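Below is final09.txt, holding compact mmCIF, C-alpha atoms.
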# COMPACT_ATOMS: atom_id res chain seq x y z
CA MET A 243 44.47 -4.75 26.99
CA ASN A 244 44.09 -4.70 23.18
CA PHE A 245 40.86 -4.72 21.14
CA GLY A 246 40.63 -8.52 21.03
CA ASP A 247 41.10 -8.89 24.77
CA SER A 248 38.54 -6.16 25.52
CA PHE A 249 35.99 -7.69 23.14
CA ASP A 250 36.55 -11.18 24.56
CA SER A 251 36.16 -9.85 28.09
CA ALA A 252 32.93 -8.08 27.10
CA VAL A 253 31.47 -11.25 25.58
CA ARG A 254 32.33 -13.26 28.71
CA ALA A 255 30.79 -10.57 30.96
CA VAL A 256 27.56 -10.60 28.92
CA GLY A 257 27.51 -14.41 28.97
CA ALA A 258 28.08 -14.57 32.73
CA ASN A 259 24.57 -13.14 33.35
CA LYS A 260 22.59 -14.69 30.52
CA LEU A 261 19.08 -14.00 31.79
CA ARG A 262 19.83 -10.40 32.76
CA SER A 263 21.57 -9.78 29.44
CA ALA A 264 18.68 -11.33 27.52
CA LEU A 265 16.10 -9.17 29.28
CA THR A 266 18.28 -6.11 28.75
CA MET A 267 18.54 -6.82 25.02
CA LEU A 268 14.78 -7.34 24.67
CA GLY A 269 14.03 -3.69 23.90
CA VAL A 270 16.66 -3.62 21.15
CA VAL A 271 15.37 -6.92 19.71
CA ILE A 272 11.78 -5.63 19.56
CA GLY A 273 12.88 -2.26 18.22
CA VAL A 274 15.01 -3.63 15.36
CA GLY A 275 12.40 -6.28 14.48
CA SER A 276 9.57 -3.73 14.46
CA VAL A 277 11.44 -1.27 12.24
CA ILE A 278 12.28 -3.98 9.68
CA ALA A 279 8.72 -5.35 9.72
CA MET A 280 7.06 -1.92 9.40
CA ILE A 281 9.24 -0.89 6.45
CA GLY A 282 8.85 -4.30 4.74
CA ILE A 283 5.07 -4.42 5.11
CA GLY A 284 4.72 -0.80 4.00
CA GLU A 285 6.78 -1.52 0.89
CA GLY A 286 4.76 -4.67 0.19
CA THR A 287 1.49 -2.75 0.50
CA LYS A 288 2.77 -0.12 -1.91
CA ARG A 289 3.79 -2.72 -4.50
CA LYS A 290 0.42 -4.42 -4.26
CA SER A 291 -1.42 -1.12 -4.79
CA LEU A 292 0.76 -0.26 -7.78
CA ALA A 293 0.22 -3.69 -9.31
CA GLU A 294 -3.55 -3.31 -8.92
CA LEU A 295 -3.46 0.06 -10.63
CA GLU A 296 -1.40 -1.37 -13.47
CA VAL A 297 -4.00 -4.04 -14.22
CA MET A 298 -6.67 -1.33 -14.41
CA GLY A 299 -5.02 0.03 -17.53
CA SER A 300 -2.20 2.45 -18.27
CA ASN A 301 -2.50 5.96 -19.70
CA ARG A 302 -5.96 6.11 -18.19
CA ILE A 303 -7.78 9.37 -17.43
CA THR A 304 -10.94 9.51 -15.35
CA VAL A 305 -13.49 12.31 -15.04
CA MET A 306 -15.86 12.37 -12.09
CA PRO A 307 -18.41 14.91 -10.80
CA ASN A 308 -17.04 17.27 -8.18
CA TRP A 309 -19.46 16.13 -5.50
CA GLY A 310 -16.93 16.72 -2.76
CA ARG A 311 -17.27 20.52 -2.78
CA GLY A 312 -20.73 21.00 -1.41
CA HIS A 313 -22.73 19.77 -4.38
CA GLY A 314 -25.45 17.22 -3.85
CA ARG A 315 -25.57 13.84 -5.55
CA GLY A 316 -29.12 14.21 -6.84
CA GLN A 317 -29.90 13.24 -10.40
CA ASP A 318 -30.55 16.84 -11.42
CA ASP A 319 -27.43 18.24 -9.82
CA ALA A 320 -25.54 20.51 -12.20
CA SER A 321 -22.30 18.63 -11.64
CA THR A 322 -23.70 15.34 -12.96
CA LEU A 323 -21.89 14.25 -16.10
CA ARG A 324 -23.82 13.38 -19.23
CA MET A 325 -23.25 11.59 -22.52
CA SER A 326 -23.03 15.00 -24.21
CA ASP A 327 -19.80 15.55 -22.24
CA VAL A 328 -18.47 12.26 -23.59
CA GLU A 329 -19.29 13.29 -27.14
CA ARG A 330 -17.67 16.72 -26.74
CA ILE A 331 -14.43 15.14 -25.51
CA ARG A 332 -14.54 12.53 -28.27
CA LYS A 333 -14.99 15.26 -30.89
CA ASN A 334 -12.57 17.89 -29.58
CA VAL A 335 -9.66 15.94 -28.04
CA PRO A 336 -7.94 13.91 -30.77
CA LEU A 337 -5.31 12.65 -28.33
CA VAL A 338 -7.97 10.49 -26.64
CA LYS A 339 -7.64 6.92 -27.94
CA TYR A 340 -10.59 5.21 -26.22
CA ILE A 341 -13.45 6.79 -24.26
CA THR A 342 -16.72 5.71 -22.68
CA GLY A 343 -19.20 6.98 -20.18
CA MET A 344 -19.83 4.62 -17.25
CA VAL A 345 -22.59 3.96 -14.74
CA ASN A 346 -22.49 1.45 -11.93
CA SER A 347 -24.54 0.04 -9.11
CA ASN A 348 -24.29 -2.77 -6.57
CA ARG A 349 -26.77 -5.53 -7.43
CA THR A 350 -27.28 -9.22 -6.70
CA VAL A 351 -26.44 -11.63 -9.53
CA SER A 352 -27.94 -15.12 -9.33
CA PHE A 353 -27.40 -18.38 -11.19
CA SER A 354 -28.68 -21.84 -10.32
CA GLY A 355 -29.21 -21.05 -6.63
CA ASN A 356 -25.91 -19.17 -6.21
CA ASP A 357 -26.05 -15.47 -5.35
CA LYS A 358 -23.30 -12.90 -5.62
CA ARG A 359 -23.50 -9.25 -4.54
CA THR A 360 -21.26 -7.35 -6.93
CA ASN A 361 -20.71 -4.16 -8.87
CA ILE A 362 -22.62 -3.85 -12.14
CA THR A 363 -20.80 -1.58 -14.59
CA GLY A 364 -22.53 -0.21 -17.66
CA ALA A 365 -20.02 0.82 -20.33
CA GLU A 366 -19.53 0.78 -24.07
CA PRO A 367 -17.61 -2.20 -25.53
CA VAL A 368 -14.42 -0.13 -25.66
CA ILE A 369 -14.14 -0.55 -21.88
CA LYS A 370 -12.22 -3.77 -22.58
CA ASP A 371 -9.41 -1.72 -24.18
CA ILE A 372 -9.44 0.97 -21.51
CA MET A 373 -9.10 -1.62 -18.73
CA ASN A 374 -6.80 -4.02 -20.60
CA SER A 375 -9.46 -6.72 -20.30
CA ASN A 376 -9.15 -8.26 -23.76
CA LYS A 377 -7.99 -11.67 -22.53
CA MET A 378 -11.09 -13.83 -22.23
CA LEU A 379 -11.50 -17.05 -20.27
CA GLN A 380 -14.72 -17.89 -22.14
CA GLY A 381 -16.69 -16.27 -24.98
CA LYS A 382 -16.17 -12.66 -26.05
CA TRP A 383 -17.19 -9.10 -25.19
CA TYR A 384 -20.57 -7.70 -26.18
CA THR A 385 -20.60 -5.65 -29.39
CA TYR A 386 -21.70 -2.19 -30.51
CA ASN A 387 -24.76 -3.89 -31.98
CA ASP A 388 -25.65 -5.08 -28.45
CA GLU A 389 -25.04 -1.49 -27.33
CA ALA A 390 -27.34 -0.02 -29.99
CA MET A 391 -30.06 -2.65 -29.46
CA GLU A 392 -29.83 -2.32 -25.66
CA ASN A 393 -29.52 -6.11 -25.44
CA ARG A 394 -29.56 -7.80 -22.06
CA VAL A 395 -26.10 -9.41 -22.25
CA VAL A 396 -23.34 -9.53 -19.65
CA VAL A 397 -19.62 -10.17 -19.37
CA LEU A 398 -18.58 -11.63 -16.02
CA GLY A 399 -15.42 -10.84 -14.07
CA TYR A 400 -13.35 -13.86 -13.04
CA GLN A 401 -14.34 -13.81 -9.36
CA VAL A 402 -18.04 -13.49 -10.13
CA TYR A 403 -17.77 -16.38 -12.61
CA THR A 404 -16.01 -18.74 -10.21
CA GLU A 405 -18.45 -18.02 -7.37
CA LEU A 406 -21.49 -18.59 -9.57
CA TYR A 407 -20.27 -21.32 -11.94
CA GLY A 408 -17.19 -22.92 -10.41
CA ASN A 409 -15.34 -24.11 -13.52
CA ASP A 410 -18.41 -24.87 -15.66
CA ASN A 411 -19.32 -23.28 -18.98
CA ALA A 412 -21.09 -19.95 -18.58
CA ILE A 413 -21.59 -18.89 -22.22
CA ASP A 414 -25.21 -18.63 -23.38
CA THR A 415 -26.51 -19.34 -19.88
CA THR A 416 -28.86 -16.90 -18.19
CA VAL A 417 -28.10 -15.03 -14.98
CA LYS A 418 -30.61 -12.96 -13.05
CA ILE A 419 -29.64 -9.46 -11.94
CA ASP A 420 -32.22 -8.58 -9.31
CA THR A 421 -35.38 -9.49 -11.28
CA GLN A 422 -34.04 -9.19 -14.86
CA ASN A 423 -32.58 -12.00 -16.98
CA TYR A 424 -29.31 -11.48 -18.86
CA THR A 425 -27.43 -13.78 -21.24
CA VAL A 426 -23.75 -14.40 -20.49
CA VAL A 427 -21.62 -13.77 -23.59
CA GLY A 428 -18.15 -13.71 -22.05
CA VAL A 429 -15.94 -14.23 -18.99
CA VAL A 430 -12.83 -12.07 -18.50
CA ASP A 431 -9.71 -13.97 -17.49
CA TYR A 432 -8.23 -13.44 -14.02
CA LYS A 433 -6.59 -10.01 -13.62
CA GLY A 434 -5.87 -9.74 -9.90
CA GLY A 435 -6.96 -6.96 -7.62
CA SER A 436 -8.90 -6.15 -4.49
CA GLY A 437 -11.09 -3.47 -2.93
CA TRP A 438 -14.12 -1.66 -4.32
CA ASN A 439 -12.62 -1.41 -7.81
CA ASN A 440 -11.52 -5.03 -8.12
CA PRO A 441 -11.68 -5.82 -11.88
CA ASP A 442 -12.41 -9.49 -11.12
CA ASP A 443 -15.43 -8.61 -8.98
CA GLN A 444 -17.41 -6.89 -11.75
CA VAL A 445 -20.24 -7.59 -14.15
CA TYR A 446 -20.21 -5.54 -17.36
CA ILE A 447 -23.29 -4.75 -19.41
CA PRO A 448 -23.85 -2.39 -22.40
CA LEU A 449 -24.06 1.25 -21.32
CA LYS A 450 -27.47 1.98 -22.85
CA THR A 451 -28.88 -1.23 -21.40
CA ALA A 452 -27.73 -0.09 -17.96
CA GLN A 453 -28.99 3.47 -18.43
CA ASN A 454 -32.40 2.68 -19.92
CA ARG A 455 -33.31 -0.85 -18.79
CA MET A 456 -31.65 -1.31 -15.40
CA MET A 457 -30.65 1.87 -13.57
CA GLY A 458 -32.90 4.45 -15.25
CA THR A 459 -30.15 7.06 -15.43
CA LYS A 460 -30.99 7.90 -19.09
CA ASP A 461 -28.14 10.05 -20.50
CA ARG A 462 -26.43 10.64 -17.14
CA VAL A 463 -23.12 8.87 -16.41
CA ARG A 464 -21.33 8.19 -13.15
CA MET A 465 -17.91 8.86 -14.64
CA ILE A 466 -16.06 9.17 -17.93
CA SER A 467 -13.13 6.87 -18.53
CA MET A 468 -10.61 7.20 -21.35
CA THR A 469 -7.03 6.52 -22.38
CA ALA A 470 -4.50 8.82 -24.00
CA MET A 471 -2.67 7.86 -27.18
CA SER A 472 0.46 7.24 -25.10
CA SER A 473 1.92 8.03 -21.68
CA GLU A 474 3.91 10.83 -23.33
CA PHE A 475 0.68 12.65 -24.15
CA LEU A 476 -1.05 11.95 -20.85
CA PRO A 477 -0.60 15.46 -19.28
CA LEU A 478 -1.50 17.25 -22.54
CA THR A 479 -4.56 15.04 -23.04
CA GLN A 480 -5.72 15.73 -19.50
CA SER A 481 -5.27 19.45 -20.01
CA GLN A 482 -7.33 19.41 -23.22
CA VAL A 483 -10.10 17.39 -21.54
CA GLU A 484 -10.23 19.96 -18.74
CA ASP A 485 -10.47 22.77 -21.31
CA VAL A 486 -13.43 21.08 -23.02
CA LEU A 487 -15.28 20.46 -19.76
CA TRP A 488 -14.54 23.97 -18.55
CA GLN A 489 -16.88 25.30 -21.26
CA THR A 490 -19.95 23.67 -19.71
CA ARG A 491 -19.09 22.22 -16.29
CA VAL A 492 -18.42 25.38 -14.30
CA SER A 493 -20.76 26.85 -11.70
CA ALA A 494 -21.97 30.44 -11.69
CA THR A 495 -19.25 31.24 -9.15
CA GLY A 496 -16.54 29.85 -11.42
CA GLU A 497 -16.06 26.61 -9.50
CA GLU A 498 -15.27 23.47 -11.47
CA LEU A 499 -18.08 20.90 -11.30
CA PHE A 500 -15.80 18.05 -12.32
CA ARG A 501 -12.55 16.37 -11.30
CA VAL A 502 -10.01 14.96 -13.73
CA PHE A 503 -7.21 12.66 -12.62
CA ASN A 504 -4.91 10.28 -14.41
CA GLN A 505 -3.23 7.01 -13.56
CA ALA A 506 0.22 8.57 -13.30
CA ASP A 507 -0.96 11.05 -10.65
CA THR A 508 -2.57 8.22 -8.69
CA LEU A 509 0.60 6.13 -8.91
CA GLN A 510 2.70 9.05 -7.69
CA GLN A 511 0.32 9.74 -4.80
CA ILE A 512 0.39 6.09 -3.71
CA GLN A 513 4.18 5.99 -3.84
CA THR A 514 4.55 9.20 -1.85
CA GLN A 515 1.94 8.29 0.77
CA SER A 516 3.31 4.75 1.20
CA GLN A 517 6.85 6.07 1.62
CA ILE A 518 5.77 8.56 4.26
CA LEU A 519 3.66 5.95 6.08
CA SER A 520 6.48 3.37 6.08
CA TRP A 521 9.04 5.71 7.56
CA LEU A 522 6.51 7.13 10.03
CA LEU A 523 5.78 3.62 11.32
CA ALA A 524 9.50 2.88 11.39
CA GLY A 525 10.06 6.06 13.38
CA ILE A 526 7.42 5.01 15.91
CA ALA A 527 8.97 1.54 16.14
CA SER A 528 12.43 3.03 16.70
CA VAL A 529 11.18 4.54 19.95
CA SER A 530 11.42 1.06 21.45
CA LEU A 531 15.10 1.09 20.44
CA LEU A 532 15.64 4.19 22.55
CA VAL A 533 13.77 2.56 25.43
CA GLY A 534 16.01 -0.49 25.02
CA GLY A 535 19.05 1.79 25.11
CA ILE A 536 17.92 3.33 28.38
CA GLY A 537 17.54 -0.18 29.79
CA ILE A 538 21.08 -1.01 28.73
CA MET A 539 22.43 2.14 30.38
CA ASN A 540 20.63 1.23 33.59
CA ILE A 541 22.06 -2.30 33.64
CA MET A 542 25.54 -1.03 32.80
CA LEU A 543 25.40 1.40 35.74
CA VAL A 544 24.38 -1.47 38.00
CA SER A 545 27.25 -3.54 36.60
CA VAL A 546 29.75 -0.75 37.30
CA THR A 547 28.53 -0.56 40.91
CA GLU A 548 28.70 -4.34 41.37
CA ARG A 549 32.23 -4.51 39.93
CA THR A 550 33.70 -1.42 41.59
CA ARG A 551 36.25 -3.44 43.61
CA GLU A 552 37.25 -5.35 40.43
CA ILE A 553 37.82 -2.04 38.65
CA GLY A 554 39.86 -0.74 41.60
CA LEU A 555 42.00 -3.91 41.60
CA ARG A 556 42.66 -3.67 37.86
CA LYS A 557 43.66 -0.02 38.16
CA ALA A 558 45.88 -0.83 41.16
CA ILE A 559 47.90 -3.34 39.10
CA GLY A 560 48.34 -0.93 36.19
CA ALA A 561 45.20 -0.97 33.99
CA ARG A 562 44.85 2.29 32.12
CA ARG A 563 41.73 4.48 32.12
CA GLU A 564 41.18 3.84 28.38
CA SER A 565 41.24 0.08 28.97
CA ILE A 566 38.49 0.27 31.64
CA LEU A 567 36.40 2.58 29.42
CA ALA A 568 36.76 0.23 26.44
CA GLN A 569 35.83 -2.83 28.52
CA PHE A 570 32.45 -1.43 29.62
CA LEU A 571 31.73 0.27 26.31
CA TYR A 572 32.29 -3.02 24.49
CA GLU A 573 29.87 -4.78 26.85
CA SER A 574 27.14 -2.28 25.92
CA VAL A 575 27.89 -2.55 22.21
CA VAL A 576 27.99 -6.36 22.33
CA MET A 577 24.51 -6.48 23.90
CA CYS A 578 23.12 -4.11 21.24
CA PHE A 579 24.93 -6.02 18.48
CA LEU A 580 23.45 -9.35 19.59
CA GLY A 581 20.06 -7.70 20.08
CA GLY A 582 20.30 -6.25 16.56
CA VAL A 583 21.12 -9.63 15.00
CA ILE A 584 18.25 -11.37 16.81
CA GLY A 585 15.98 -8.42 15.92
CA MET A 586 16.84 -8.78 12.22
CA VAL A 587 15.88 -12.46 12.27
CA LEU A 588 12.67 -11.60 14.14
CA GLY A 589 11.91 -8.74 11.72
CA VAL A 590 12.24 -10.97 8.65
CA PHE A 591 10.00 -13.60 10.27
CA ALA A 592 7.41 -10.96 11.28
CA THR A 593 7.46 -9.41 7.80
CA ASN A 594 6.65 -12.74 6.14
CA LEU A 595 4.03 -13.63 8.75
CA VAL A 596 2.11 -10.33 8.61
CA ALA A 597 2.47 -9.99 4.83
CA THR A 598 0.93 -13.43 4.40
CA ALA A 599 -1.95 -12.51 6.70
CA LEU A 600 -2.56 -9.22 4.80
CA GLN A 601 -2.05 -10.89 1.40
CA VAL A 602 0.66 -8.46 0.34
CA PRO A 603 4.07 -9.44 -1.09
CA PRO A 604 6.74 -9.62 1.67
CA VAL A 605 9.52 -7.17 0.89
CA LEU A 606 12.86 -7.10 2.68
CA ASN A 607 14.12 -3.52 2.40
CA MET A 608 17.91 -3.85 2.78
CA ALA A 609 18.32 -0.11 3.40
CA GLY A 610 15.82 -0.37 6.25
CA VAL A 611 17.57 -3.45 7.66
CA ALA A 612 20.95 -1.72 7.56
CA ALA A 613 19.51 1.45 9.12
CA ALA A 614 17.81 -0.48 11.94
CA PHE A 615 20.92 -2.51 12.71
CA GLY A 616 23.23 0.50 12.53
CA PHE A 617 20.91 2.46 14.81
CA SER A 618 20.95 -0.36 17.37
CA VAL A 619 24.78 -0.32 17.46
CA ALA A 620 24.72 3.47 17.77
CA VAL A 621 22.31 3.11 20.69
CA GLY A 622 24.83 0.75 22.34
CA VAL A 623 27.62 3.29 21.98
CA PHE A 624 25.53 6.26 23.10
CA PHE A 625 23.92 4.70 26.16
CA GLY A 626 27.03 2.71 27.14
CA LEU A 627 29.32 5.70 27.07
CA TYR A 628 28.28 7.29 30.37
CA PRO A 629 28.59 4.09 32.49
CA ALA A 630 31.97 3.38 30.82
CA ILE A 631 33.25 6.90 31.59
CA ARG A 632 32.01 6.57 35.15
CA ALA A 633 33.90 3.27 35.56
CA SER A 634 37.09 4.63 34.02
CA ASN A 635 37.09 7.66 36.35
CA LEU A 636 36.99 5.61 39.57
CA VAL A 637 39.89 6.25 41.96
CA PRO A 638 41.65 2.92 42.73
CA ILE A 639 41.88 3.42 46.54
CA GLU A 640 38.22 4.42 46.87
CA ALA A 641 37.16 1.62 44.55
CA LEU A 642 39.02 -1.00 46.62
CA ARG A 643 37.31 0.29 49.78
CA HIS A 644 33.87 -0.04 48.16
CA GLU A 645 31.57 -2.52 49.89
Would you kindly transcribe this structure into structure tokens?
Amino acid sequence: MNFGDSFDSAVRAVGANKLRSALTMLGVVIGVGSVIAMIGIGEGTKRKSLAELEVMGSNRITVMPNWGRGHGRGQDDASTLRMSDVERIRKNVPLVKYITGMVNSNRTVSFSGNDKRTNITGAEPVIKDIMNSNKMLQGKWYTYNDEAMENRVVVLGYQVYTELYGNDNAIDTTVKIDTQNYTVVGVVDYKGGSGWNNPDDQVYIPLKTAQNRMMGTKDRVRMISMTAMSSEFLPLTQSQVEDVLWQTRVSATGEELFRVFNQADTLQQIQTQSQILSWLLAGIASVSLLVGGIGIMNIMLVSVTERTREIGLRKAIGARRESILAQFLYESVVMCFLGGVIGMVLGVFATNLVATALQVPPVLNMAGVAAAFGFSVAVGVFFGLYPAIRASNLVPIEALRHE
């Protein structure tokens, strides 16, 4: 019996017991589909995170207090950053292009009966360049004159604007932040993003206004945000910023009271963590492939027992051992092959469905698809080999006497 005859015989044997074959293939179908979906959703999540970081501005460096190492968050804590730190960096690190201190707080913004709980960010006007927020939907950014005069003016993020105003004009209207009135001078165009740092879900006000008239933080800042002259100088700029802060922001025990991180490091961390998570989930999902393979081995052993007399008859009329082995091995591979194909279709469908629900871009990772399908075929060969060897080793006389 040649390859074509053996394959045709295997397909007919699988088709002769459709329900049993379908149930046997179920583990492979779920396994392949799960692996493809896990890798695709993981890749989509990674791309969404990277896109959100991109809209926050490139070449960006952020300095935050090192509150995570046992220091309190009280206003007098030694690790709290101050405007004097901003000025030292501005004076001593020429590779810094834009820099501002920032404070923030969650407050309720109200306009004409609509309320919105959002993040209020106090920053100097240069924040628009640091965050690539120069494209305005309405109006313009507040000025350094507003900063110096501590004027009560605000720039709304796109999401805040749409929830408070719909599509109406917002310029020169007055919004209330808690109990204080502020004049709207600008609305930033849609940027896209999500989570606690969503650039669309922000209200920006002058830094001194926030420090002295809203939050009472005086010269203290929550963080320092800046950009390097170019991505080429990003590591050198970060190193120089750390050197400047090291002069004043170090505890008596020599511990740094600040943390400095840049956008490139964050991007790299997200890529690495997403890659590990995707393949970890795919590894967990592949366990169901192994379970499916064990199910196929079990059914193939049952099939060998049921067809013992048939095997004996074929051997009695001259069938070779290799022919019997190939016949049963092909049956196992055919079931895994069909299960793999159905699993791929299911995986693509599941990827699109879950990605839509999670609002991440659906990504079909062809390497993952090929790996999942190839693994399913390998499972068919591995778990079908023992039943096939057992069938090929049957003695014709004993097989014909089998009841």
Near Asp442 (chain A), counting only C-alpha atoms, which residues have an atom at most 8 Å away, once you skip same-chain residues fewer than 6 positions from it, shown as a count of residues only?
-> 9
Extract, using all atoms listed in the file, all DNA, RNA and protein residues at most 10 Å from Val611 (chain A), discarding same-chain residues fewer than 5 positions from it, and format them as a PyMOL selection string.
-> chain A and resi 274-275+277-279+281-282+582+585-586+589-590+606+616-617
Using only C-alpha atoms, find the one residue out of A:Ile331, A:Val338, A:Ile466, A:Met539 that sits nearest to Trp488 (chain A).
-> A:Ile331
Distance criterion (all atoms listed in the file): nearest to Lys288 (chain A) out of A:Val602, A:Met465, A:Ile566, A:Val335 | A:Val602
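Taking CA of Gln515 (chain A) and CA of Gly273 (chain A) as the two end points, the separation is 23.1 Å.
Across the model, the gap from CA of Asp420 (chain A) to CA of Arg394 (chain A) is 13.0 Å.
Between Leu337 (chain A) and the residues A:Pro477, A:Gly560, A:Pro441, A:Pro448, the shortest atom-to-atom distance, using only C-alpha atoms, involves A:Pro477.
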Between A:Tyr403, A:Tyr572, A:Tyr424, A:Phe624, which is the closest to Leu531 (chain A) once you count only C-alpha atoms?
-> A:Phe624
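Counting from CA of Pro336 (chain A), the distance to CA of Phe503 (chain A) is 18.2 Å.
Among A:Val546, A:Leu323, A:Val328, A:Leu522, the residue with the shortest atom-to-atom distance to Arg632 (chain A), counting all atoms listed in the file, is A:Val546.
Shortest separation to Ser347 (chain A) among A:Arg330, A:Lys377, A:Arg359, A:Arg324 occurs at residue A:Arg359, atoms counted being only C-alpha atoms.
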Considering only C-alpha atoms, return as a PDB file with C-alpha atoms, in the coordinates of the input whatever protein or nucleic-acid residues lie within 10 Å of Asp371 (chain A), sequence-local ones (same chain, fewer than 5 positions apart) excluded.
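The resulting result.pdb:
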ATOM      1  CA  GLY A 299      -5.020   0.030 -17.530  1.00  0.00           C
ATOM      2  CA  LYS A 339      -7.640   6.920 -27.940  1.00  0.00           C
ATOM      3  CA  TYR A 340     -10.590   5.210 -26.220  1.00  0.00           C
ATOM      4  CA  ILE A 341     -13.450   6.790 -24.260  1.00  0.00           C
ATOM      5  CA  ASN A 376      -9.150  -8.260 -23.760  1.00  0.00           C
ATOM      6  CA  MET A 468     -10.610   7.200 -21.350  1.00  0.00           C
ATOM      7  CA  THR A 469      -7.030   6.520 -22.380  1.00  0.00           C
TER       8      THR A 469
END
If I put a ball of radius 10 Å at (-19.9, -9.0, -26.6) in the file's coordinates, which residues poke into it when counting all atoms listed in the file, written as a ChimeraX atom specification?
-> /A:367,381-389,395-397,426-428,446-448
Would you export the selected residues with C-alpha atoms as a PDB file, keeping the file's coordinate frame, please?
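Result saved to again.pdb:
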ATOM      1  CA  PRO A 367     -17.610  -2.200 -25.530  1.00  0.00           C
ATOM      2  CA  GLY A 381     -16.690 -16.270 -24.980  1.00  0.00           C
ATOM      3  CA  LYS A 382     -16.170 -12.660 -26.050  1.00  0.00           C
ATOM      4  CA  TRP A 383     -17.190  -9.100 -25.190  1.00  0.00           C
ATOM      5  CA  TYR A 384     -20.570  -7.700 -26.180  1.00  0.00           C
ATOM      6  CA  THR A 385     -20.600  -5.650 -29.390  1.00  0.00           C
ATOM      7  CA  TYR A 386     -21.700  -2.190 -30.510  1.00  0.00           C
ATOM      8  CA  ASN A 387     -24.760  -3.890 -31.980  1.00  0.00           C
ATOM      9  CA  ASP A 388     -25.650  -5.080 -28.450  1.00  0.00           C
ATOM     10  CA  GLU A 389     -25.040  -1.490 -27.330  1.00  0.00           C
ATOM     11  CA  VAL A 395     -26.100  -9.410 -22.250  1.00  0.00           C
ATOM     12  CA  VAL A 396     -23.340  -9.530 -19.650  1.00  0.00           C
ATOM     13  CA  VAL A 397     -19.620 -10.170 -19.370  1.00  0.00           C
ATOM     14  CA  VAL A 426     -23.750 -14.400 -20.490  1.00  0.00           C
ATOM     15  CA  VAL A 427     -21.620 -13.770 -23.590  1.00  0.00           C
ATOM     16  CA  GLY A 428     -18.150 -13.710 -22.050  1.00  0.00           C
ATOM     17  CA  TYR A 446     -20.210  -5.540 -17.360  1.00  0.00           C
ATOM     18  CA  ILE A 447     -23.290  -4.750 -19.410  1.00  0.00           C
ATOM     19  CA  PRO A 448     -23.850  -2.390 -22.400  1.00  0.00           C
TER      20      PRO A 448
END
For the contact check between region 442-540 of chain A and region 625-629 of chain A, emit one row per residue of region 442-540 of chain A within 9 Å, containing the shortest atom pair and the distance in Å rounded to one decimal, counting all atoms listed in the file, chain then rising number order, as a Markdown table.
| residue | atom | partner | partner_atom | distance |
| --- | --- | --- | --- | --- |
| A:Gly535 | CA | A:Phe625 | CA | 5.8 |
| A:Ile536 | CA | A:Phe625 | CA | 6.5 |
| A:Gly537 | CA | A:Phe625 | CA | 8.8 |
| A:Ile538 | CA | A:Phe625 | CA | 6.9 |
| A:Met539 | CA | A:Phe625 | CA | 5.2 |
| A:Asn540 | CA | A:Pro629 | CA | 8.5 |
Please, could N, CA, C and O atoms be added to region 519-527 of chain A and the result written as a compact mmCIF listing (two decimals), in the frame of the given file?
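Wrote it out as rebuild-v1.txt, contents follow:
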# COMPACT_ATOMS: atom_id res chain seq x y z
N LEU A 519 4.24 6.83 5.07
CA LEU A 519 3.66 5.95 6.08
C LEU A 519 4.68 4.94 6.59
O LEU A 519 4.78 4.70 7.80
N SER A 520 5.48 4.38 5.68
CA SER A 520 6.48 3.37 6.08
C SER A 520 7.49 3.96 7.05
O SER A 520 7.79 3.38 8.10
N TRP A 521 8.01 5.12 6.70
CA TRP A 521 9.04 5.71 7.56
C TRP A 521 8.45 6.28 8.85
O TRP A 521 9.13 6.35 9.88
N LEU A 522 7.16 6.68 8.80
CA LEU A 522 6.51 7.13 10.03
C LEU A 522 6.37 5.96 11.00
O LEU A 522 6.68 6.08 12.20
N LEU A 523 5.91 4.81 10.47
CA LEU A 523 5.78 3.62 11.32
C LEU A 523 7.14 3.17 11.83
O LEU A 523 7.29 2.75 12.99
N ALA A 524 8.15 3.26 10.96
CA ALA A 524 9.50 2.88 11.39
C ALA A 524 10.00 3.81 12.48
O ALA A 524 10.67 3.38 13.43
N GLY A 525 9.65 5.10 12.36
CA GLY A 525 10.06 6.06 13.38
C GLY A 525 9.41 5.75 14.72
O GLY A 525 10.07 5.83 15.78
N ILE A 526 8.11 5.38 14.67
CA ILE A 526 7.42 5.01 15.91
C ILE A 526 8.05 3.76 16.52
O ILE A 526 8.29 3.68 17.73
N ALA A 527 8.37 2.77 15.65
CA ALA A 527 8.97 1.54 16.14
C ALA A 527 10.35 1.78 16.73
O ALA A 527 10.77 1.10 17.68
